[in-house]
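File shown here: start-v3.txt, holding compact mmCIF, C-alpha atoms and all ligand atoms.
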# COMPACT_ATOMS: atom_id res chain seq x y z
CA MET S 25 -232.97 -124.96 -150.82
CA LYS S 26 -232.74 -122.79 -147.78
CA ILE S 27 -230.13 -120.25 -148.80
CA ILE S 28 -230.55 -117.29 -146.46
CA GLY S 29 -228.40 -114.65 -148.11
CA PRO S 30 -224.80 -113.53 -148.19
CA ASP S 31 -222.96 -114.23 -144.91
CA ALA S 32 -219.77 -112.53 -146.09
CA LEU S 33 -218.14 -110.85 -149.07
CA LEU S 34 -214.45 -111.48 -149.55
CA PHE S 35 -212.33 -108.80 -151.22
CA GLY S 36 -208.75 -108.62 -152.47
CA VAL S 37 -208.12 -104.90 -152.17
CA ASP S 38 -205.70 -102.37 -153.57
CA ASP S 39 -205.51 -100.32 -150.37
CA LEU S 40 -205.95 -102.30 -147.14
CA GLU S 41 -205.52 -99.29 -144.91
CA ALA S 42 -208.12 -97.23 -146.76
CA CYS S 43 -210.63 -100.11 -146.73
CA THR S 44 -210.05 -100.71 -143.02
CA GLN S 45 -210.76 -97.07 -142.22
CA TYR S 46 -213.74 -96.97 -144.55
CA LEU S 47 -215.47 -100.06 -143.13
CA THR S 48 -214.88 -98.86 -139.60
CA ASP S 49 -216.35 -95.45 -140.41
CA TYR S 50 -219.28 -97.20 -142.10
CA GLY S 51 -219.96 -98.70 -138.67
CA LEU S 52 -218.82 -102.32 -138.98
CA THR S 53 -216.85 -103.84 -136.12
CA PRO S 54 -213.28 -104.97 -136.87
CA VAL S 55 -212.84 -108.38 -135.27
CA GLY S 56 -209.38 -109.21 -136.64
CA ASP S 57 -208.03 -111.07 -139.68
CA GLY S 58 -209.50 -108.48 -142.01
CA ARG S 59 -213.03 -109.25 -140.86
CA PHE S 60 -215.59 -106.48 -140.26
CA GLU S 61 -218.87 -107.58 -138.75
CA ALA S 62 -222.42 -106.34 -138.52
CA MET S 63 -224.54 -107.11 -135.44
CA ASP S 64 -225.54 -110.56 -136.65
CA GLY S 65 -221.98 -111.61 -137.53
CA THR S 66 -222.34 -111.18 -141.30
CA ALA S 67 -219.24 -109.50 -142.60
CA ILE S 68 -216.93 -107.97 -145.15
CA VAL S 69 -213.57 -109.72 -145.22
CA ILE S 70 -210.58 -108.00 -146.78
CA ALA S 71 -207.09 -109.13 -147.75
CA ALA S 72 -204.36 -107.59 -149.89
CA LYS S 73 -205.00 -108.10 -153.61
CA ASP S 74 -201.81 -110.18 -153.99
CA ASP S 75 -202.75 -112.57 -151.15
CA THR S 76 -202.43 -115.99 -152.78
CA SER S 77 -205.05 -117.60 -150.55
CA LEU S 78 -207.77 -115.57 -152.32
CA PRO S 79 -209.87 -116.91 -155.18
CA ALA S 80 -208.85 -115.51 -158.58
CA ASP S 81 -209.21 -111.87 -159.57
CA MET S 82 -212.00 -111.45 -162.16
CA GLY S 83 -210.45 -108.41 -163.82
CA ASN S 84 -212.16 -105.16 -164.88
CA GLY S 85 -210.94 -103.52 -161.68
CA CYS S 86 -213.38 -105.60 -159.59
CA GLN S 87 -211.97 -106.32 -156.12
CA LEU S 88 -214.67 -108.81 -155.04
CA ARG S 89 -213.21 -112.32 -154.89
CA LYS S 90 -215.99 -114.37 -153.35
CA THR S 91 -219.62 -114.23 -152.28
CA LEU S 92 -220.12 -116.57 -149.32
CA TYR S 93 -223.75 -117.55 -148.76
CA GLY S 94 -225.18 -118.74 -145.47
CA VAL S 95 -227.59 -121.68 -145.64
CA ALA S 96 -230.01 -122.90 -142.99
CA ASP S 97 -229.10 -126.57 -142.78
CA GLU S 98 -226.77 -129.36 -143.79
CA ALA S 99 -229.38 -130.69 -146.23
CA THR S 100 -229.19 -127.47 -148.24
CA LEU S 101 -225.41 -127.60 -148.28
CA ASN S 102 -225.49 -131.16 -149.59
CA ALA S 103 -228.18 -130.34 -152.14
CA ILE S 104 -226.10 -127.45 -153.50
CA ALA S 105 -222.97 -129.59 -153.69
CA GLU S 106 -224.87 -132.27 -155.57
CA GLU S 107 -226.61 -129.84 -157.92
CA LEU S 108 -223.52 -127.83 -158.86
CA GLY S 109 -221.38 -130.97 -158.96
CA LYS S 110 -223.35 -132.06 -162.04
CA ASP S 111 -221.48 -129.70 -164.34
CA ARG S 112 -218.70 -127.94 -162.43
CA GLU S 113 -216.07 -128.40 -159.81
CA VAL S 114 -217.27 -128.11 -156.23
CA SER S 115 -214.67 -128.18 -153.48
CA ARG S 116 -215.11 -128.76 -149.77
CA LEU S 117 -212.94 -126.39 -147.77
CA VAL S 118 -211.42 -127.29 -144.40
CA ASP S 119 -213.99 -125.14 -142.60
CA GLY S 120 -216.77 -127.37 -143.99
CA SER S 121 -218.04 -124.83 -146.51
CA ILE S 122 -218.26 -125.57 -150.21
CA GLU S 123 -216.84 -123.47 -153.02
CA SER S 124 -217.78 -123.28 -156.66
CA VAL S 125 -218.51 -120.73 -159.35
CA ASP S 126 -221.67 -119.31 -160.95
CA ASP S 127 -222.32 -119.13 -164.70
CA MET S 128 -220.90 -115.61 -164.93
CA GLY S 129 -217.57 -116.45 -163.27
CA PHE S 130 -218.29 -115.15 -159.76
CA THR S 131 -216.77 -117.40 -157.10
CA LEU S 132 -219.42 -118.60 -154.64
CA GLY S 133 -219.16 -120.23 -151.25
CA PHE S 134 -221.86 -121.83 -149.13
CA GLN S 135 -221.70 -122.53 -145.41
CA LEU S 136 -224.02 -123.28 -142.53
CA THR S 137 -224.94 -119.73 -141.69
CA ILE S 138 -222.91 -117.96 -139.03
CA ARG S 139 -225.73 -115.42 -138.50
CA ARG S 140 -226.32 -115.15 -134.77
CA ASP S 141 -229.33 -113.96 -132.86
CA TYR S 142 -229.02 -110.43 -131.65
CA GLU S 143 -231.29 -107.92 -130.13
CA ALA S 144 -231.45 -104.32 -131.30
CA PRO S 145 -234.08 -101.62 -130.97
CA ALA S 146 -236.61 -100.91 -133.73
CA GLU S 147 -237.13 -97.46 -135.12
CA VAL S 148 -240.59 -96.68 -133.83
CA VAL S 149 -242.62 -94.07 -135.68
CA HIS S 150 -245.66 -92.42 -134.17
CA SER S 151 -248.26 -92.63 -136.88
CA PRO S 152 -251.42 -90.85 -135.70
CA GLY S 153 -254.48 -93.06 -135.89
CA SER S 154 -252.48 -96.27 -135.86
CA ASN S 155 -252.54 -98.87 -133.13
CA ALA S 156 -248.95 -99.82 -133.80
CA PRO S 157 -246.62 -99.84 -130.79
CA LYS S 158 -245.40 -96.42 -129.74
CA ARG S 159 -242.20 -95.35 -128.04
CA GLU S 160 -242.29 -95.31 -124.26
CA LEU S 161 -243.57 -92.03 -122.90
CA ASN S 162 -240.68 -89.57 -122.58
CA GLU S 163 -238.47 -91.73 -124.77
CA LEU S 164 -236.83 -89.55 -127.43
CA GLY S 165 -237.03 -90.28 -131.15
CA VAL S 166 -233.55 -89.16 -132.10
CA ASP S 167 -230.15 -89.12 -130.46
CA PRO S 168 -227.66 -87.43 -132.79
CA SER S 169 -224.70 -88.98 -130.97
CA VAL S 170 -225.96 -92.56 -130.90
CA LYS S 171 -223.56 -95.29 -132.01
CA ILE S 172 -224.88 -96.91 -135.18
CA THR S 173 -223.90 -100.43 -136.16
CA PRO S 174 -225.18 -102.04 -139.36
CA ARG S 175 -227.53 -104.92 -138.56
CA SER S 176 -227.01 -107.48 -141.29
CA LEU S 177 -225.44 -107.98 -144.73
CA SER S 178 -228.32 -107.19 -147.05
CA HIS S 179 -227.68 -107.57 -150.76
CA LEU S 180 -225.23 -107.23 -153.58
CA VAL S 181 -225.50 -106.35 -157.22
CA TYR S 182 -223.50 -107.73 -160.12
CA PHE S 183 -222.94 -106.45 -163.62
CA VAL S 184 -223.40 -109.58 -165.76
CA PRO S 185 -222.72 -110.07 -169.48
CA ASP S 186 -225.61 -112.54 -169.99
CA GLY S 187 -228.55 -111.63 -167.79
CA ASP S 188 -230.79 -114.49 -168.92
CA LYS S 189 -228.16 -117.11 -168.26
CA ALA S 190 -227.24 -115.58 -164.91
CA GLU S 191 -230.87 -115.47 -163.82
CA ALA S 192 -231.48 -119.06 -164.94
CA PHE S 193 -228.50 -120.23 -162.88
CA TYR S 194 -229.72 -118.69 -159.64
CA ARG S 195 -233.36 -119.65 -160.31
CA ASP S 196 -233.00 -123.20 -161.63
CA ARG S 197 -229.88 -124.35 -159.84
CA LEU S 198 -230.04 -122.54 -156.50
CA GLY S 199 -233.78 -121.98 -156.05
CA PHE S 200 -233.83 -118.17 -156.06
CA ARG S 201 -237.12 -116.47 -157.02
CA VAL S 202 -237.54 -113.32 -159.11
CA THR S 203 -239.46 -110.86 -156.93
CA ASP S 204 -239.47 -107.96 -159.41
CA ARG S 205 -237.83 -107.10 -162.69
CA LEU S 206 -236.51 -103.83 -164.03
CA VAL S 207 -236.82 -104.41 -167.76
CA GLY S 208 -233.64 -103.17 -169.41
CA ALA S 209 -231.57 -103.88 -166.29
CA GLY S 210 -232.40 -107.22 -164.70
CA PRO S 211 -234.08 -109.26 -161.96
CA PHE S 212 -234.30 -108.75 -158.21
CA MET S 213 -233.81 -112.20 -156.70
CA GLN S 214 -234.70 -113.75 -153.36
CA PRO S 215 -233.20 -117.05 -152.22
CA GLY S 216 -235.40 -119.68 -150.56
CA GLY S 217 -234.40 -119.01 -146.97
CA THR S 218 -235.35 -115.35 -146.60
CA GLN S 219 -238.32 -113.04 -147.13
CA ASP S 220 -236.22 -110.01 -148.04
CA HIS S 221 -237.31 -108.48 -151.36
CA HIS S 222 -233.84 -109.15 -152.74
CA THR S 223 -230.40 -110.30 -151.69
CA LEU S 224 -229.21 -110.24 -155.30
CA PHE S 225 -229.86 -107.93 -158.21
CA MET S 226 -228.17 -108.34 -161.57
CA ILE S 227 -227.69 -105.75 -164.27
CA GLN S 228 -227.10 -106.74 -167.88
CA ALA S 229 -223.90 -105.03 -169.05
CA PRO S 230 -221.06 -105.59 -171.52
CA GLU S 231 -218.42 -108.20 -170.71
CA PHE S 232 -215.83 -105.56 -169.82
CA MET S 233 -218.09 -104.38 -166.99
CA ARG S 234 -218.56 -107.80 -165.42
CA GLY S 235 -218.10 -107.35 -161.68
CA LEU S 236 -219.57 -106.00 -158.49
CA GLU S 237 -221.84 -102.97 -158.84
CA HIS S 238 -222.68 -102.32 -155.18
CA PHE S 239 -223.20 -103.99 -151.81
CA THR S 240 -224.97 -102.98 -148.63
CA PHE S 241 -226.00 -103.74 -145.06
CA HIS S 242 -229.42 -103.31 -143.49
CA PHE S 243 -229.58 -100.56 -140.89
CA GLY S 244 -232.17 -100.27 -138.13
CA GLY S 245 -234.36 -97.73 -139.92
CA PRO S 246 -234.42 -94.58 -142.03
CA THR S 247 -233.12 -92.40 -139.21
CA GLU S 248 -230.05 -94.61 -138.89
CA VAL S 249 -229.42 -94.44 -142.64
CA MET S 250 -229.72 -90.64 -142.63
CA LEU S 251 -227.57 -90.21 -139.55
CA ALA S 252 -224.89 -92.73 -140.49
CA GLY S 253 -224.80 -91.37 -144.06
CA SER S 254 -224.47 -87.77 -142.85
CA ARG S 255 -221.54 -88.84 -140.70
CA MET S 256 -219.91 -90.40 -143.77
CA VAL S 257 -220.22 -87.13 -145.70
CA GLU S 258 -218.92 -85.16 -142.73
CA LYS S 259 -215.87 -87.43 -142.64
CA GLY S 260 -215.16 -86.55 -146.27
CA TYR S 261 -216.59 -89.59 -148.03
CA GLN S 262 -218.20 -89.17 -151.43
CA SER S 263 -221.96 -89.58 -151.65
CA PHE S 264 -222.96 -91.07 -155.00
CA TRP S 265 -226.76 -91.31 -154.81
CA GLY S 266 -229.12 -90.57 -151.96
CA PRO S 267 -230.49 -90.45 -149.43
CA GLY S 268 -233.72 -91.60 -150.97
CA ARG S 269 -236.19 -94.45 -151.02
CA HIS S 270 -236.34 -97.06 -153.74
CA GLN S 271 -239.62 -98.21 -155.21
CA MET S 272 -238.56 -101.79 -155.91
CA GLY S 273 -238.12 -103.24 -152.41
CA SER S 274 -239.11 -99.93 -150.76
CA ASN S 275 -235.72 -99.74 -149.09
CA TRP S 276 -234.29 -96.42 -147.97
CA PHE S 277 -230.90 -96.01 -149.61
CA TRP S 278 -227.75 -93.95 -149.55
CA TYR S 279 -224.84 -94.92 -151.82
CA PHE S 280 -221.21 -93.95 -151.34
CA ASN S 281 -218.14 -94.42 -153.48
CA SER S 282 -215.65 -96.67 -151.74
CA PRO S 283 -212.02 -97.77 -151.93
CA PHE S 284 -213.43 -101.16 -153.02
CA GLY S 285 -214.03 -99.60 -156.43
CA ALA S 286 -217.72 -100.41 -156.00
CA ARG S 287 -220.36 -98.40 -154.26
CA MET S 288 -221.29 -99.26 -150.72
CA GLU S 289 -224.89 -98.56 -149.80
CA MET S 290 -226.69 -98.17 -146.50
CA ASP S 291 -230.25 -99.50 -146.58
CA ALA S 292 -233.23 -99.88 -144.29
CA ASP S 293 -236.81 -101.11 -144.23
CA MET S 294 -236.90 -103.41 -147.22
CA ASP S 295 -240.18 -105.09 -148.21
CA LEU S 296 -240.71 -108.73 -147.26
CA HIS S 297 -242.37 -111.14 -149.65
CA ASP S 298 -243.47 -114.75 -149.78
CA GLU S 299 -244.52 -116.93 -152.70
CA GLN S 300 -247.92 -115.16 -152.89
CA TRP S 301 -246.18 -112.12 -154.32
CA VAL S 302 -246.43 -111.61 -158.07
CA ALA S 303 -243.31 -110.11 -159.60
CA ARG S 304 -243.69 -106.72 -161.28
CA GLU S 305 -242.08 -106.07 -164.64
CA ILE S 306 -241.33 -102.40 -165.08
CA PRO S 307 -239.07 -100.69 -167.61
CA ILE S 308 -236.09 -99.04 -165.96
CA SER S 309 -236.23 -95.28 -165.58
CA ALA S 310 -235.15 -92.62 -163.09
CA GLU S 311 -238.80 -92.37 -162.08
CA ILE S 312 -239.10 -96.01 -161.01
CA SER S 313 -235.66 -96.10 -159.41
CA GLN S 314 -236.78 -94.10 -156.40
CA ALA S 315 -239.90 -92.71 -154.78
CA PHE S 316 -237.95 -89.59 -153.80
CA LEU S 317 -234.36 -88.42 -153.68
CA PHE S 318 -232.57 -85.94 -151.45
CA GLN S 319 -229.08 -84.59 -151.24
CA TYR S 320 -226.91 -83.89 -148.21
CA ARG S 321 -226.67 -80.31 -147.12
CA GLU S 322 -224.42 -78.79 -144.47
CA LYS S 323 -226.27 -78.09 -141.22
CA TRP S 324 -228.09 -74.78 -141.41
CA ILE S 325 -230.40 -72.69 -139.32
CA PRO S 326 -233.11 -70.45 -140.70
CA GLY S 327 -232.52 -67.82 -138.02
CA PRO S 328 -234.98 -65.26 -136.80
CA GLY S 329 -235.31 -63.57 -140.21
CA GLY S 330 -236.04 -59.92 -140.77
CA GLY S 331 -232.63 -59.11 -142.23
CA LYS S 332 -229.86 -57.20 -140.53
CA MET D 15 -210.00 -56.11 -170.94
CA SER D 16 -209.85 -59.87 -170.72
CA ARG D 17 -211.44 -61.65 -167.78
CA ASN D 18 -209.04 -62.66 -165.02
CA PRO D 19 -208.35 -66.40 -165.22
CA GLN D 20 -209.62 -68.23 -162.14
CA ARG D 21 -206.88 -69.07 -159.64
CA LEU D 22 -207.10 -72.64 -158.32
CA CYS D 23 -204.29 -72.79 -155.78
CA ALA D 24 -200.55 -72.52 -155.28
CA ILE D 25 -198.45 -75.28 -156.82
CA ASP D 26 -197.21 -76.11 -153.28
CA GLU D 27 -200.72 -77.24 -152.45
CA LEU D 28 -200.42 -80.00 -155.06
CA PRO D 29 -197.77 -82.42 -153.78
CA GLU D 30 -196.12 -84.73 -156.30
CA GLY D 31 -197.98 -88.05 -156.63
CA GLU D 32 -201.21 -86.73 -155.14
CA SER D 33 -204.59 -85.55 -156.36
CA LYS D 34 -206.73 -82.69 -155.19
CA GLY D 35 -210.36 -81.87 -155.86
CA PHE D 36 -211.80 -78.39 -156.33
CA ASP D 37 -215.33 -77.42 -155.40
CA LEU D 38 -215.37 -74.04 -157.11
CA ASP D 39 -219.05 -73.25 -156.69
CA GLY D 40 -219.14 -74.52 -153.10
CA ASP D 41 -222.00 -76.96 -153.63
CA GLY D 42 -220.13 -79.70 -151.77
CA GLN D 43 -219.17 -81.51 -154.99
CA ASP D 44 -215.81 -81.15 -156.75
CA GLU D 45 -216.17 -79.94 -160.32
CA LEU D 46 -212.60 -80.88 -161.20
CA PHE D 47 -209.49 -82.48 -159.81
CA VAL D 48 -205.79 -82.06 -160.43
CA VAL D 49 -203.11 -84.76 -160.37
CA HIS D 50 -199.45 -83.83 -159.96
CA ARG D 51 -197.27 -86.47 -161.56
CA GLU D 52 -193.58 -86.26 -162.37
CA GLY D 53 -193.62 -82.50 -162.32
CA VAL D 54 -196.66 -82.14 -164.58
CA LEU D 55 -200.18 -81.10 -163.59
CA TYR D 56 -203.16 -82.89 -165.15
CA ALA D 57 -206.68 -81.65 -164.55
CA TYR D 58 -209.96 -83.37 -165.40
CA ARG D 59 -213.65 -82.82 -164.83
CA ASN D 60 -214.98 -84.86 -161.89
CA SER D 61 -217.40 -86.74 -164.11
CA CYS D 62 -216.96 -90.40 -164.97
CA PRO D 63 -217.56 -91.30 -168.64
CA HIS D 64 -219.32 -94.47 -167.43
CA GLN D 65 -222.18 -92.45 -165.94
CA PRO D 66 -221.58 -88.82 -166.93
CA GLY D 67 -221.92 -86.57 -163.92
CA ALA D 68 -220.91 -89.35 -161.51
CA PRO D 69 -218.37 -88.17 -158.89
CA MET D 70 -215.22 -90.27 -158.91
CA ALA D 71 -213.30 -89.98 -155.63
CA TRP D 72 -214.04 -92.22 -152.66
CA ARG D 73 -213.10 -89.52 -150.19
CA ARG D 74 -212.27 -85.83 -150.48
CA HIS D 75 -209.26 -85.54 -152.85
CA ALA D 76 -208.87 -89.33 -153.22
CA TYR D 77 -208.87 -89.87 -156.99
CA LEU D 78 -205.88 -92.22 -157.32
CA ASN D 79 -205.08 -95.87 -156.66
CA LYS D 80 -202.76 -96.74 -153.79
CA GLU D 81 -199.62 -96.51 -155.93
CA SER D 82 -200.74 -93.18 -157.36
CA SER D 83 -200.16 -94.68 -160.80
CA LEU D 84 -203.76 -94.49 -162.08
CA ILE D 85 -206.87 -92.38 -161.68
CA VAL D 86 -209.73 -94.55 -160.43
CA CYS D 87 -213.46 -93.98 -160.43
CA PHE D 88 -214.44 -95.43 -157.06
CA ALA D 89 -218.07 -95.87 -158.07
CA HIS D 90 -217.41 -99.00 -160.17
CA GLY D 91 -213.64 -99.19 -160.39
CA ALA D 92 -212.88 -97.72 -163.85
CA GLN D 93 -209.14 -97.06 -164.19
CA PHE D 94 -207.70 -94.17 -166.18
CA ASP D 95 -204.25 -93.30 -167.47
CA ILE D 96 -203.14 -90.14 -165.67
CA GLU D 97 -201.45 -88.47 -168.66
CA SER D 98 -204.15 -89.08 -171.29
CA GLY D 99 -207.29 -89.53 -169.18
CA LEU D 100 -208.07 -92.66 -171.20
CA CYS D 101 -210.03 -95.42 -169.44
CA ILE D 102 -207.87 -98.54 -169.72
CA ASP D 103 -209.90 -100.95 -167.58
CA GLY D 104 -213.40 -101.20 -166.14
CA PRO D 105 -216.86 -100.05 -167.20
CA CYS D 106 -215.93 -97.27 -169.64
CA GLN D 107 -212.89 -98.74 -171.39
CA GLY D 108 -211.85 -96.64 -174.36
CA ALA D 109 -213.67 -93.52 -173.16
CA SER D 110 -211.77 -90.54 -171.80
CA LEU D 111 -212.03 -88.07 -168.98
CA THR D 112 -212.56 -84.46 -170.01
CA ALA D 113 -209.31 -82.56 -169.62
CA VAL D 114 -209.35 -79.08 -168.10
CA PRO D 115 -206.52 -76.80 -169.32
CA LEU D 116 -204.39 -75.20 -166.60
CA SER D 117 -201.72 -72.55 -166.60
CA GLN D 118 -199.13 -71.43 -164.07
CA ASP D 119 -197.47 -68.11 -163.41
CA ARG D 120 -193.94 -67.40 -162.25
CA ASP D 121 -195.03 -67.15 -158.63
CA GLY D 122 -196.31 -70.70 -158.60
CA ASN D 123 -200.01 -69.93 -158.89
CA VAL D 124 -202.15 -72.41 -160.81
CA TYR D 125 -205.01 -71.08 -162.94
CA LEU D 126 -207.83 -72.44 -165.01
CA THR D 127 -207.15 -71.47 -168.60
CA GLU D 128 -210.29 -69.98 -170.07
S1 LIG Z 1 -219.52 -94.22 -162.62
FE1 LIG Z 1 -217.34 -94.40 -162.80
S2 LIG Z 1 -217.00 -96.50 -163.05
FE2 LIG Z 1 -219.16 -96.31 -162.94
FE FE Z 2 -229.04 -101.73 -153.31

Please express the file's structure as structure tokens.
Amino acid sequence: MKIIGPDALLFGVDDLEACTQYLTDYGLTPVGDGRFEAMDGTAIVIAAKDDTSLPADMGNGCQLRKTLYGVADEATLNAIAEELGKDREVSRLVDGSIESVDDMGFTLGFQLTIRRDYEAPAEVVHSPGSNAPKRELNELGVDPSVKITPRSLSHLVYFVPDGDKAEAFYRDRLGFRVTDRLVGAGPFMQPGGTQDHHTLFMIQAPEFMRGLEHFTFHFGGPTEVMLAGSRMVEKGYQSFWGPGRHQMGSNWFWYFNSPFGARMEMDADMDLHDEQWVAREIPISAEISQAFLFQYREKWIPGPGGGK
Amino acid sequence: MSRNPQRLCAIDELPEGESKGFDLDGDGQDELFVVHREGVLYAYRNSCPHQPGAPMAWRRHAYLNKESSLIVCFAHGAQFDIESGLCIDGPCQGASLTAVPLSQDRDGNVYLTE
């Protein structure tokens, strides 16, 4: 099954205005109808929590209503409909996508992916001794005023009451692979149509925590994460964790609280894996959760020194 | 001589139905926040019982839901009763925020009660 990853997350929110401002400040492009897009067209879609066209509220304060996956081809779509149709209701929506539910009660959708080709610059790092491509001569490494747009919807994380059952569903029914496991938390999972280290991570938690833990877009590189995150802090948003770099997946991260009642992350430079990769199993700890961790600080200058 | 209680702000700076955070040590992180509801001030430590130490607002001073009827931790959506600080829904149900006692003087100054 060629599931690529989430194409869109659909929310029923408490405060539409706050979420609109937040997503715009995060860098997504509002394209109307509550849709906020990254460069490749993947998106967050928001509606008021009492909008009756939304899938049901899952409770626990969770505002996520649906995870809509993009798949590579019609064959995958049909295979999913057939597989899930064995033991649950699968509906075909007017837009051609299918809708069903996972074993933990999260509403899922699947559609032929809307991800479009786009071109955006790479963050090029001059590593002495390496033959890797360098920036053009006289091309600058940083532009503090550059416009930063998230590239692509990256991954999401659920709190699930039965981690084993949740993992089995995504593995056995939808063809996801476990790329790594944090023992005591849960599995990082990669669907069949991507090489990203994970598009889904699940954390075992009590039933009353069932819901969305965080979600994030890929940015162009660490400099974009640092710069875009600093701008968030300077606009008054609340940093929760970061900036730093994870060990599992190697992605740079910066997490912020959000009016979605879940944390929104910015990430960059995630590891890519194929089936040759052997999943690691490592007990969860602060140590393994990051290679390093920093904290925002207001801009400062050392000055000439020597006292007054 | 007793230590002077720490002044937080004037009551006028705490509009009814709103919340306000206080970063007393200037490290960029609020240590506490105050909610003004129906004429009463409620103050709590900015530390979510779900992950003690976790900051709760989603933006400077934004500790409440849209209706200003509940305190919300915007990390994972825990909802708290304003009067009691009790978590009534979300990841730390049954746990409570840590209340911070306040006092006011005749001139409308709000203090931390030591
Ligand atoms: S840290 Fe507050 S709900 Fe998780
Ligand atoms: Fe993440």

Only residues of chain S matter here; which ones have an atom within 6 Å of chain D, counting all atoms listed in the file? Give them as number ranges by chain.
S: 39, 84-85, 233, 260-262, 281-283, 285-287

Let me have all residues with an atom within 8 Å of ligand FE 2 (chain Z), counting only C-alpha atoms and all ligand atoms, laid out as number ranges by chain.
S: 179-181, 225, 238-240, 277, 289, 291

Residue neighbourhood range 156-167 of chain S, 10 Å, all atoms listed in the file, exclusion window fewer than 5 positions, as a compact mmCIF listing (two decimals) with C-alpha atoms, in the coordinates of the input:
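After the write, around-v9.txt holds the following:
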# COMPACT_ATOMS: atom_id res chain seq x y z
CA ALA S 146 -236.61 -100.91 -133.73
CA GLU S 147 -237.13 -97.46 -135.12
CA VAL S 148 -240.59 -96.68 -133.83
CA VAL S 149 -242.62 -94.07 -135.68
CA HIS S 150 -245.66 -92.42 -134.17
CA SER S 151 -248.26 -92.63 -136.88
CA THR S 247 -233.12 -92.40 -139.21
CA GLU S 248 -230.05 -94.61 -138.89
CA LEU S 251 -227.57 -90.21 -139.55

Enclose range 103-106 of chain D, meaning all of its atoms listed in the file, in a box aligned along x, y and z, pad it by 5 Å on each side, and list the centre and edge lengths in Å to one decimal, as JSON.
{"center_x": -213.4, "center_y": -99.2, "center_z": -167.9, "size_x": 17.0, "size_y": 13.9, "size_z": 13.5}

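In this structure, CA of Ser169 in chain S sits 24.9 Å away from CA of Met294 in chain S.
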
Nearest to Ile138 in chain S: which of S:Val249, S:Ala80, S:Met213, S:Ile28 is it, counting all atoms listed in the file?
S:Ile28

Go ahead and compute the interatomic distance for CA of Asp26 in chain D and CA of Ala113 in chain D, in Å to one decimal.
21.3 Å

Using all atoms listed in the file, the shortest atom-to-atom distance to ligand LIG 1 (chain Z) among D:Lys34, D:Ser98, D:Arg59, D:Gln65 belongs to D:Gln65

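The gap separating CA of Phe94 in chain D from CA of Ile68 in chain S is 26.8 Å, in Å to one decimal.
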
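Compared by their closest atoms to Leu101 in chain S, and using only C-alpha atoms, the residues S:Gln135, S:Ser124, S:Gln45, S:Ser77 rank with S:Gln135 nearest.
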
List as a PyMOL selection string: which residues have an atom within 8 Å of (-229.0, -116.6, -149.1), counting all atoms listed in the file?
chain S and resi 26-31+93-95+214-218+223
